[in-house]
$ cat entry.cif   # mmCIF, C-alpha atoms
data_query
#
loop_
_atom_site.group_PDB
_atom_site.id
_atom_site.type_symbol
_atom_site.label_atom_id
_atom_site.label_comp_id
_atom_site.auth_asym_id
_atom_site.auth_seq_id
_atom_site.Cartn_x
_atom_site.Cartn_y
_atom_site.Cartn_z
ATOM 1 C CA MET A 1 0.000 0.000 0.000
ATOM 2 C CA SER A 2 2.937 2.311 -0.418
ATOM 3 C CA GLY A 3 1.172 4.220 -3.197
ATOM 4 C CA THR A 4 -2.157 4.383 -1.350
ATOM 5 C CA SER A 5 -3.181 7.630 0.303
ATOM 6 C CA PRO A 6 -3.634 7.694 4.116
ATOM 7 C CA ALA A 7 -7.359 8.472 3.767
ATOM 8 C CA ARG A 8 -7.911 5.492 1.480
ATOM 9 C CA ARG A 9 -6.036 3.186 3.886
ATOM 10 C CA THR A 10 -8.298 4.373 6.722
ATOM 11 C CA VAL A 11 -11.429 3.601 4.702
ATOM 12 C CA LEU A 12 -10.094 0.151 3.748
ATOM 13 C CA ARG A 13 -9.252 -0.674 7.386
ATOM 14 C CA ALA A 14 -12.718 0.427 8.537
ATOM 15 C CA ALA A 15 -14.358 -1.705 5.846
ATOM 16 C CA ALA A 16 -12.362 -4.710 7.043
ATOM 17 C CA LEU A 17 -13.578 -4.218 10.635
ATOM 18 C CA VAL A 18 -17.310 -3.981 9.855
ATOM 19 C CA PRO A 19 -17.880 -7.783 9.599
ATOM 20 C CA ALA A 20 -16.053 -8.332 12.900
ATOM 21 C CA ALA A 21 -18.272 -5.766 14.611
ATOM 22 C CA GLY A 22 -21.316 -7.624 13.322
ATOM 23 C CA LEU A 23 -20.047 -10.851 14.888
ATOM 24 C CA GLY A 24 -19.745 -9.086 18.219
ATOM 25 C CA LEU A 25 -23.385 -8.019 18.050
ATOM 26 C CA THR A 26 -24.465 -11.534 17.130
ATOM 27 C CA ALA A 27 -22.766 -12.883 20.267
ATOM 28 C CA CYS A 28 -25.071 -10.706 22.383
ATOM 29 C CA THR A 29 -28.225 -12.388 21.106
ATOM 30 C CA SER A 30 -29.662 -15.764 21.953
ATOM 31 C CA GLY A 31 -29.243 -16.845 18.332
ATOM 32 C CA ASP A 32 -32.504 -18.757 18.273
ATOM 33 C CA GLY A 33 -34.849 -15.785 18.363
ATOM 34 C CA GLY A 34 -35.974 -16.982 21.797
ATOM 35 C CA SER A 35 -38.012 -14.864 24.147
ATOM 36 C CA ARG A 36 -36.084 -12.419 26.302
ATOM 37 C CA SER A 37 -38.563 -12.048 29.123
ATOM 38 C CA ALA A 38 -39.774 -13.878 32.172
ATOM 39 C CA PRO A 39 -43.416 -14.962 32.356
ATOM 40 C CA THR A 40 -45.931 -12.127 32.685
ATOM 41 C CA LYS A 41 -48.659 -14.479 33.929
ATOM 42 C CA PRO A 42 -48.699 -17.855 35.700
ATOM 43 C CA VAL A 43 -47.254 -20.695 33.626
ATOM 44 C CA GLU A 44 -47.450 -24.415 34.355
ATOM 45 C CA LEU A 45 -43.923 -25.825 34.243
ATOM 46 C CA GLY A 46 -44.266 -29.529 34.969
ATOM 47 C CA ALA A 47 -44.676 -32.091 37.716
ATOM 48 C CA ALA A 48 -43.516 -30.960 41.152
ATOM 49 C CA ASP A 49 -41.542 -34.172 41.665
ATOM 50 C CA GLU A 50 -39.378 -33.414 38.576
ATOM 51 C CA VAL A 51 -37.336 -31.137 40.848
ATOM 52 C CA PRO A 52 -35.641 -33.167 43.591
ATOM 53 C CA VAL A 53 -35.200 -31.736 47.087
ATOM 54 C CA GLY A 54 -31.955 -29.746 47.010
ATOM 55 C CA GLY A 55 -31.999 -29.653 43.201
ATOM 56 C CA SER A 56 -32.848 -27.184 40.472
ATOM 57 C CA LYS A 57 -34.446 -27.420 37.035
ATOM 58 C CA LEU A 58 -34.226 -24.974 34.149
ATOM 59 C CA TYR A 59 -37.318 -24.457 32.001
ATOM 60 C CA THR A 60 -35.809 -22.777 28.925
ATOM 61 C CA ASP A 61 -39.083 -22.397 26.996
ATOM 62 C CA GLU A 62 -40.535 -20.313 29.836
ATOM 63 C CA ASN A 63 -37.270 -18.598 30.953
ATOM 64 C CA VAL A 64 -37.660 -19.871 34.510
ATOM 65 C CA VAL A 65 -35.433 -21.805 36.884
ATOM 66 C CA VAL A 66 -36.976 -23.602 39.869
ATOM 67 C CA SER A 67 -35.124 -24.881 42.932
ATOM 68 C CA ARG A 68 -36.626 -27.159 45.548
ATOM 69 C CA ILE A 69 -35.307 -25.953 48.877
ATOM 70 C CA ALA A 70 -37.255 -28.433 51.043
ATOM 71 C CA ASP A 71 -39.956 -31.046 50.470
ATOM 72 C CA ASP A 72 -42.674 -28.400 50.205
ATOM 73 C CA GLU A 73 -40.602 -25.240 49.508
ATOM 74 C CA TYR A 74 -39.790 -24.045 45.994
ATOM 75 C CA LYS A 75 -38.024 -20.915 44.723
ATOM 76 C CA ALA A 76 -38.375 -19.641 41.170
ATOM 77 C CA PHE A 77 -36.370 -17.030 39.288
ATOM 78 C CA SER A 78 -36.373 -15.539 35.829
ATOM 79 C CA SER A 79 -33.599 -17.119 33.778
ATOM 80 C CA ILE A 80 -33.035 -13.915 31.818
ATOM 81 C CA CYS A 81 -29.522 -12.640 32.517
ATOM 82 C CA THR A 82 -29.602 -9.258 34.221
ATOM 83 C CA HIS A 83 -26.495 -8.105 32.336
ATOM 84 C CA ALA A 84 -27.640 -8.140 28.685
ATOM 85 C CA GLN A 85 -31.053 -9.878 28.898
ATOM 86 C CA CYS A 86 -29.882 -13.083 27.239
ATOM 87 C CA PRO A 87 -31.987 -16.169 28.004
ATOM 88 C CA ILE A 88 -29.815 -18.476 30.136
ATOM 89 C CA GLU A 89 -29.705 -22.003 28.757
ATOM 90 C CA LYS A 90 -27.112 -23.718 30.955
ATOM 91 C CA LEU A 91 -27.634 -25.147 34.440
ATOM 92 C CA ARG A 92 -25.075 -27.350 36.212
ATOM 93 C CA GLY A 93 -26.067 -28.329 39.724
ATOM 94 C CA SER A 94 -27.436 -25.045 41.022
ATOM 95 C CA LYS A 95 -25.171 -22.796 38.925
ATOM 96 C CA LEU A 96 -26.677 -20.964 35.946
ATOM 97 C CA THR A 97 -24.234 -19.716 33.310
ATOM 98 C CA CYS A 98 -25.161 -17.171 30.666
ATOM 99 C CA GLN A 99 -23.674 -18.089 27.318
ATOM 100 C CA CYS A 100 -23.518 -14.466 26.131
ATOM 101 C CA HIS A 101 -20.887 -13.047 28.500
ATOM 102 C CA GLY A 102 -20.276 -15.699 31.172
ATOM 103 C CA SER A 103 -22.287 -14.255 34.062
ATOM 104 C CA GLN A 104 -23.156 -16.893 36.651
ATOM 105 C CA PHE A 105 -26.029 -17.058 39.132
ATOM 106 C CA ASP A 106 -27.075 -19.301 42.014
ATOM 107 C CA ALA A 107 -30.356 -20.992 41.045
ATOM 108 C CA LYS A 108 -31.364 -21.358 44.715
ATOM 109 C CA ASN A 109 -31.302 -17.661 45.600
ATOM 110 C CA GLY A 110 -30.761 -15.762 42.329
ATOM 111 C CA LYS A 111 -27.527 -14.139 43.518
ATOM 112 C CA VAL A 112 -24.724 -13.251 41.133
ATOM 113 C CA LEU A 113 -21.778 -15.653 41.387
ATOM 114 C CA ARG A 114 -19.690 -14.142 38.569
ATOM 115 C CA GLU A 115 -19.822 -10.834 36.730
ATOM 116 C CA PRO A 116 -20.328 -9.023 34.376
ATOM 117 C CA ALA A 117 -23.888 -9.177 35.798
ATOM 118 C CA VAL A 118 -24.198 -7.323 39.107
ATOM 119 C CA THR A 119 -27.964 -7.542 39.683
ATOM 120 C CA PRO A 120 -29.520 -10.772 41.020
ATOM 121 C CA LEU A 121 -32.101 -12.687 38.990
ATOM 122 C CA GLU A 122 -35.726 -11.602 39.376
ATOM 123 C CA GLU A 123 -37.564 -13.804 41.878
ATOM 124 C CA LEU A 124 -40.932 -15.091 40.687
ATOM 125 C CA PRO A 125 -43.943 -16.252 42.684
ATOM 126 C CA VAL A 126 -44.176 -20.046 42.625
ATOM 127 C CA LYS A 127 -46.625 -22.647 43.928
ATOM 128 C CA VAL A 128 -47.586 -26.255 43.482
ATOM 129 C CA ALA A 129 -51.164 -26.803 42.318
ATOM 130 C CA GLY A 130 -52.507 -30.233 41.457
ATOM 131 C CA GLY A 131 -49.009 -31.698 41.608
ATOM 132 C CA LYS A 132 -47.711 -29.190 39.028
ATOM 133 C CA ILE A 133 -45.263 -26.319 39.482
ATOM 134 C CA VAL A 134 -46.790 -22.975 38.535
ATOM 135 C CA ALA A 135 -44.611 -19.835 38.397
ATOM 136 C CA GLY A 136 -45.013 -16.227 37.391
ATOM 137 C CA PRO A 137 -47.014 -13.192 38.499
ATOM 138 C CA GLY A 138 -50.278 -14.300 40.069
ATOM 139 C CA ALA A 139 -49.041 -17.810 40.848
#

$ encode --input "entry.cif" --output "structure tokens"
Amino acid sequence: MSGTSPARRTVLRAAALVPAAGLGLTACTSGDGGSRSAPTKPVELGAADEVPVGGSKLYTDENVVVSRIADDEYKAFSSICTHAQCPIEKLRGSKLTCQCHGSQFDAKNGKVLREPAVTPLEELPVKVAGGKIVAGPGA
């Protein structure tokens, strides 16, 4: 590029960076067009005995994680990451990991375990009705 003007080199460099910037934006989305919100009304999640005492279960279609604290005590949280609103799709034990930027949360209390998120997950009302877990506003 010895014969290329400085202005032209700047334009060529910028053009080369545009596709890379687009990849960065893609990484901030769920990639599947999935919903980016917690339930706005009660949703039936499944049988209450699907969640063992001391365990947690992630319901990705509804963006909810449920933990069974004791035989008759459940906690539910939105599984939408509080950092960039990505739907969380990974649960190991009671640790939720957001695939977008690596934030981690405790499924039993919603607290942040690893940044970049700094705000805990939103707690949702939860109950068992007719042997089924129901979570969301009005549950």

$ residues_around --input "entry.cif" --residues "stretch 82-93 of chain A" --least-positions-apart "2" --cutoff "6 Å" --atoms "only C-alpha atoms" --output "PyMOL selection string"
chain A and resi 30+36+79-80+95-98+117+119

$ resolve_selection --input "entry.cif" --expression "the PyMOL selection byres ((chain A and resi 55) around 12)" --output "PDB file with C-alpha atoms, in the coordinates of the input"
ATOM      1  CA  ALA A  48     -43.516 -30.960  41.152  1.00  0.00           C
ATOM      2  CA  ASP A  49     -41.542 -34.172  41.665  1.00  0.00           C
ATOM      3  CA  GLU A  50     -39.378 -33.414  38.576  1.00  0.00           C
ATOM      4  CA  VAL A  51     -37.336 -31.137  40.848  1.00  0.00           C
ATOM      5  CA  PRO A  52     -35.641 -33.167  43.591  1.00  0.00           C
ATOM      6  CA  VAL A  53     -35.200 -31.736  47.087  1.00  0.00           C
ATOM      7  CA  GLY A  54     -31.955 -29.746  47.010  1.00  0.00           C
ATOM      8  CA  SER A  56     -32.848 -27.184  40.472  1.00  0.00           C
ATOM      9  CA  LYS A  57     -34.446 -27.420  37.035  1.00  0.00           C
ATOM     10  CA  LEU A  58     -34.226 -24.974  34.149  1.00  0.00           C
ATOM     11  CA  VAL A  65     -35.433 -21.805  36.884  1.00  0.00           C
ATOM     12  CA  VAL A  66     -36.976 -23.602  39.869  1.00  0.00           C
ATOM     13  CA  SER A  67     -35.124 -24.881  42.932  1.00  0.00           C
ATOM     14  CA  ARG A  68     -36.626 -27.159  45.548  1.00  0.00           C
ATOM     15  CA  ILE A  69     -35.307 -25.953  48.877  1.00  0.00           C
ATOM     16  CA  ALA A  70     -37.255 -28.433  51.043  1.00  0.00           C
ATOM     17  CA  ASP A  71     -39.956 -31.046  50.470  1.00  0.00           C
ATOM     18  CA  GLU A  73     -40.602 -25.240  49.508  1.00  0.00           C
ATOM     19  CA  TYR A  74     -39.790 -24.045  45.994  1.00  0.00           C
ATOM     20  CA  LYS A  75     -38.024 -20.915  44.723  1.00  0.00           C
ATOM     21  CA  LEU A  91     -27.634 -25.147  34.440  1.00  0.00           C
ATOM     22  CA  ARG A  92     -25.075 -27.350  36.212  1.00  0.00           C
ATOM     23  CA  GLY A  93     -26.067 -28.329  39.724  1.00  0.00           C
ATOM     24  CA  SER A  94     -27.436 -25.045  41.022  1.00  0.00           C
ATOM     25  CA  LYS A  95     -25.171 -22.796  38.925  1.00  0.00           C
ATOM     26  CA  ASP A 106     -27.075 -19.301  42.014  1.00  0.00           C
ATOM     27  CA  ALA A 107     -30.356 -20.992  41.045  1.00  0.00           C
ATOM     28  CA  LYS A 108     -31.364 -21.358  44.715  1.00  0.00           C
TER      29      LYS A 108
END

$ atom_distance --input "entry.cif" --atom1 "atom CA of A:Glu123" --atom2 "atom CA of A:Pro39"
11.2 Å

$ residues_around --input "entry.cif" --residues "A:Leu124" --least-positions-apart "6" --cutoff "6 Å" --atoms "all atoms listed in the file" --output "PyMOL selection string"
chain A and resi 76-77+136

$ atom_distance --input "entry.cif" --atom1 "atom CA of A:Ala139" --atom2 "atom CA of A:Val118"
27.0 Å

$ atom_distance --input "entry.cif" --atom1 "atom CA of A:Asp72" --atom2 "atom CA of A:Val112"
25.2 Å

$ residues_around --input "entry.cif" --residues "A:Lys132" --least-positions-apart "6" --cutoff "8 Å" --atoms "all atoms listed in the file" --output "list in words"
Glu44, Leu45, Gly46, Ala47 and Ala48 of chain A

$ axis_aligned_box --input "entry.cif" --around "stretch 106-125 of chain A" --padding-each-side "6 Å" --output "lines of an AutoDock Vina configuration file"
center_x = -31.8
center_y = -14.3
center_z = 40.0
size_x = 36.3
size_y = 26.0
size_z = 23.2

$ residues_near_point --input "entry.cif" --point "(-31.8, -12.4, 44.6)" --cutoff "6 Å" --atoms "only C-alpha atoms" --output "list of chain:residue names"
A:Asn109, A:Gly110, A:Lys111, A:Pro120, A:Leu121

$ write_last_selection --input "entry.cif" --atoms "C-alpha atoms" --output "PDB file, in the coordinates of the input"
ATOM      1  CA  ASN A 109     -31.302 -17.661  45.600  1.00  0.00           C
ATOM      2  CA  GLY A 110     -30.761 -15.762  42.329  1.00  0.00           C
ATOM      3  CA  LYS A 111     -27.527 -14.139  43.518  1.00  0.00           C
ATOM      4  CA  PRO A 120     -29.520 -10.772  41.020  1.00  0.00           C
ATOM      5  CA  LEU A 121     -32.101 -12.687  38.990  1.00  0.00           C
TER       6      LEU A 121
END

$ closest_residue --input "entry.cif" --among "A:Val43, A:Cys81, A:Glu62, A:Arg114" --to "A:Ile133" --atoms "only C-alpha atoms"
A:Val43
